[in-house]
Amino acid sequence: MPKIPGVFCLEADWFGLVRPMSMRPVLDLLQSSDARIPYVLRDVVTRAEIEFYLRRWFQVRYRNFDVLWMAIHSRPGELLPGDMRVPTERIMLDDLETLLAGKCRGRILHFSGCRFMKIPPARLNRFMKRTRALCVSGFSREVPWLEATIFEAYWLTLLHYERRSPTGVKRAIALMRREQQPLCKKYGFVMRVRA
């Protein structure tokens with residue numbers, strides 16, 4: 001029996017120690033739902049931790065966790081995992097492209113951070129071509145945390161039920177656009193399939 005595809009989530013600290021927030025309840029919901037989506041969740045606050053877990057994601061034991069959910073603060077094309085004042089901790093799109101180069105065939109990359117996807121389409125196409133990612137998604141605008149997280153859970157559920165092929169992902173995108181069109185527009189939600 002084939003294994004159920006899962007989510008590999010790397011999550012940074014969202015709003016500090018006073019307001020601890022996490023994707024864990026959403027992932028627990030997806031796992032305990034009728035979809036039974038398994039997950040791996042790791043907290044990351046440094047660039048080194050992200051790099052470490054990205055290398056782990058490519059190990060054979062995690063091959064069925066084919067959706068990478070990067071739940072990390074961001075700016076356009078830039079991840080901000082820890083102390084945003086420390087430039088060496090930031091991960092630029094070029095850095096991420098180098099880390100993932102040629103390794104994401106049949107995999108889906110989803111970015112939760114605000115405005116990460118506010119990059120030129122040609123740049124996104126280059127990223128997808130170099131990483132070989134099947135699909136890349138995320139927000140090009142500022143989004144409210146709770147509402148966006150619920151929206152993302154729906155997106156991940158749609159992806160879960162489709163084949164890991166351009167046709168399957170395009171079907172999920174069409175459903176998302178049809179059923180969540182106002183929010184897709186409001187959040188600047190980008191969903192791109194590699195050509």
# chains A, B, ... in the order shown; residues from 1 in each chain; ligands from 1

$ residues_around --residues "stretch 60-65 of chain A" --least-positions-apart "5" --cutoff "9 Å" --atoms "only C-alpha atoms" --output "list of chain:residue names"
A:Lys3, A:Ile4, A:Pro5, A:Gly6, A:Val7, A:Phe8, A:Pro38, A:Tyr39, A:Val40, A:Arg107

$ closest_atom_pairs --of "stretch 99-155 of chain A" --to "stretch 52-58 of chain A" --cutoff "10 Å" --atoms "only C-alpha atoms" --output "CSV"
residue,atom,partner,partner_atom,distance
A:Leu99,CA,A:Leu54,CA,7.9
A:Leu100,CA,A:Leu54,CA,8.1
A:Lys103,CA,A:Phe58,CA,7.6
A:Cys104,CA,A:Phe58,CA,8.6

$ residues_around --residues "A:Arg141" --least-positions-apart "5" --cutoff "10 Å" --atoms "only C-alpha atoms" --output "PyMOL selection string"
chain A and resi 75-76+113-118+185-190

$ write_last_selection --atoms "N, CA and C atoms" --output "CSV table (one decimal), in the first residue's frame"
chain,number,residue,atom,x,y,z
A,75,ARG,N,10.2,38.7,3.7
A,75,ARG,CA,10.0,39.9,2.8
A,75,ARG,C,10.1,39.3,1.4
A,76,PRO,N,9.9,40.2,0.4
A,76,PRO,CA,9.9,39.6,-0.9
A,76,PRO,C,11.2,38.9,-1.2
A,113,GLY,N,5.2,33.1,4.9
A,113,GLY,CA,5.5,34.4,5.2
A,113,GLY,C,4.9,35.5,4.3
A,114,CYS,N,4.6,36.6,4.9
A,114,CYS,CA,4.0,37.7,4.1
A,114,CYS,C,5.0,38.2,3.1
A,115,ARG,N,4.4,38.4,1.9
A,115,ARG,CA,5.1,39.0,0.8
A,115,ARG,C,6.3,38.2,0.2
A,116,PHE,N,6.5,37.0,0.6
A,116,PHE,CA,7.7,36.3,0.1
A,116,PHE,C,7.6,36.1,-1.4
A,117,MET,N,6.3,35.9,-1.9
A,117,MET,CA,6.1,35.7,-3.4
A,117,MET,C,6.0,37.0,-4.2
A,118,LYS,N,6.3,38.1,-3.6
A,118,LYS,CA,6.2,39.4,-4.3
A,118,LYS,C,7.6,39.6,-5.0
A,185,LYS,N,-7.3,36.6,-4.1
A,185,LYS,CA,-7.0,38.0,-4.5
A,185,LYS,C,-6.6,38.9,-3.4
A,186,LYS,N,-7.3,38.8,-2.3
A,186,LYS,CA,-7.0,39.7,-1.1
A,186,LYS,C,-5.6,39.4,-0.6
A,187,TYR,N,-5.2,38.1,-0.5
A,187,TYR,CA,-3.9,37.8,0.0
A,187,TYR,C,-2.8,37.8,-1.0
A,188,GLY,N,-3.1,38.0,-2.3
A,188,GLY,CA,-2.1,38.0,-3.3
A,188,GLY,C,-1.5,36.6,-3.4
A,189,PHE,N,-2.4,35.5,-3.3
A,189,PHE,CA,-1.9,34.2,-3.3
A,189,PHE,C,-1.4,33.7,-4.6
A,190,VAL,N,-0.1,33.3,-4.6
A,190,VAL,CA,0.5,32.9,-5.9
A,190,VAL,C,0.6,31.3,-5.8

$ select_by_dssp --residues "stretch 93-189 of chain A" --states "strand (DSSP E)" --output "mmCIF file with C-alpha atoms, in the first residue's frame"
data_model
loop_
_atom_site.group_PDB
_atom_site.id
_atom_site.type_symbol
_atom_site.label_atom_id
_atom_site.label_comp_id
_atom_site.auth_asym_id
_atom_site.auth_seq_id
_atom_site.Cartn_x
_atom_site.Cartn_y
_atom_site.Cartn_z
ATOM 1 C CA ILE A 108 5.784 21.237 -3.547
ATOM 2 C CA LEU A 109 7.173 24.298 -1.755
ATOM 3 C CA HIS A 110 4.784 26.514 0.189
ATOM 4 C CA PHE A 111 5.834 29.767 1.891
ATOM 5 C CA CYS A 135 4.788 23.716 -7.516
ATOM 6 C CA VAL A 136 5.607 26.821 -5.495
ATOM 7 C CA SER A 137 2.985 28.794 -3.583
ATOM 8 C CA GLY A 138 2.732 31.601 -1.077
ATOM 9 C CA PHE A 139 1.619 35.145 -0.421
ATOM 10 C CA PHE A 189 -1.885 34.159 -3.254
#

$ atom_distance --atom1 "atom CA of A:Ile150" --atom2 "atom CA of A:Leu134"
23.0 Å

$ select_by_dssp --residues "stretch 113-145 of chain A" --states "alpha helix (DSSP H)" --output "list in words"
Pro121, Ala122, Arg123, Leu124, Asn125, Arg126, Phe127, Met128, Lys129, Arg130, Thr131 and Trp145 of chain A

$ closest_residue --among "A:Asp94, A:Glu162, A:Glu152, A:Asp13" --to "A:Ala35" --atoms "only C-alpha atoms"
A:Glu162

$ atom_distance --atom1 "atom CA of A:Arg194" --atom2 "atom CA of A:Leu93"
16.6 Å

$ closest_residue --among "A:His73, A:Arg126, A:Lys170, A:Arg36" --to "A:Glu97" --atoms "only C-alpha atoms"
A:Arg126

$ closest_residue --among "A:Arg177, A:Arg85, A:Arg171, A:Arg42" --to "A:Ala71" --atoms "only C-alpha atoms"
A:Arg42

$ closest_residue --among "A:Leu183, A:Leu159, A:Leu96, A:Met176" --to "A:Asp66" --atoms "only C-alpha atoms"
A:Leu159

$ closest_atom_pairs --of "stretch 43-128 of chain A" --to "stretch 21-30 of chain A" --cutoff "12 Å" --atoms "only C-alpha atoms" --output "tab-separated table"
residue	atom	partner	partner_atom	distance
A:Asp43	CA	A:Ser22	CA	9.4
A:Val44	CA	A:Ser22	CA	11.9
A:Trp69	CA	A:Met23	CA	9.9
A:Met70	CA	A:Met23	CA	10.5
A:Ala71	CA	A:Met23	CA	7.8
A:Ile72	CA	A:Met23	CA	10.7
A:Ser112	CA	A:Met23	CA	10.3

$ write_last_selection --atoms "N, CA and C atoms" --output "compact mmCIF listing (two decimals), in the first residue's frame"
# COMPACT_ATOMS: atom_id res chain seq x y z
N ASP A 43 11.02 23.36 14.74
CA ASP A 43 11.21 24.78 15.03
C ASP A 43 12.60 25.18 14.56
N VAL A 44 12.66 26.30 13.87
CA VAL A 44 13.94 26.81 13.37
C VAL A 44 14.04 28.30 13.69
N TRP A 69 6.57 23.08 3.91
CA TRP A 69 5.82 24.25 4.37
C TRP A 69 6.80 25.11 5.17
N MET A 70 7.21 26.23 4.59
CA MET A 70 8.14 27.16 5.23
C MET A 70 7.32 28.22 5.97
N ALA A 71 7.07 28.00 7.24
CA ALA A 71 6.27 28.91 8.06
C ALA A 71 7.21 29.87 8.78
N ILE A 72 7.65 30.86 8.03
CA ILE A 72 8.72 31.75 8.49
C ILE A 72 8.42 33.18 8.02
N SER A 112 4.71 30.52 3.92
CA SER A 112 3.67 31.20 4.70
C SER A 112 3.94 32.67 4.95

$ atom_distance --atom1 "atom CA of A:Pro120" --atom2 "atom CA of A:Ile91"
17.7 Å

$ closest_residue --among "A:Glu51, A:Gln59, A:Ser74, A:Ser33" --to "A:Glu142" --atoms "only C-alpha atoms"
A:Ser74
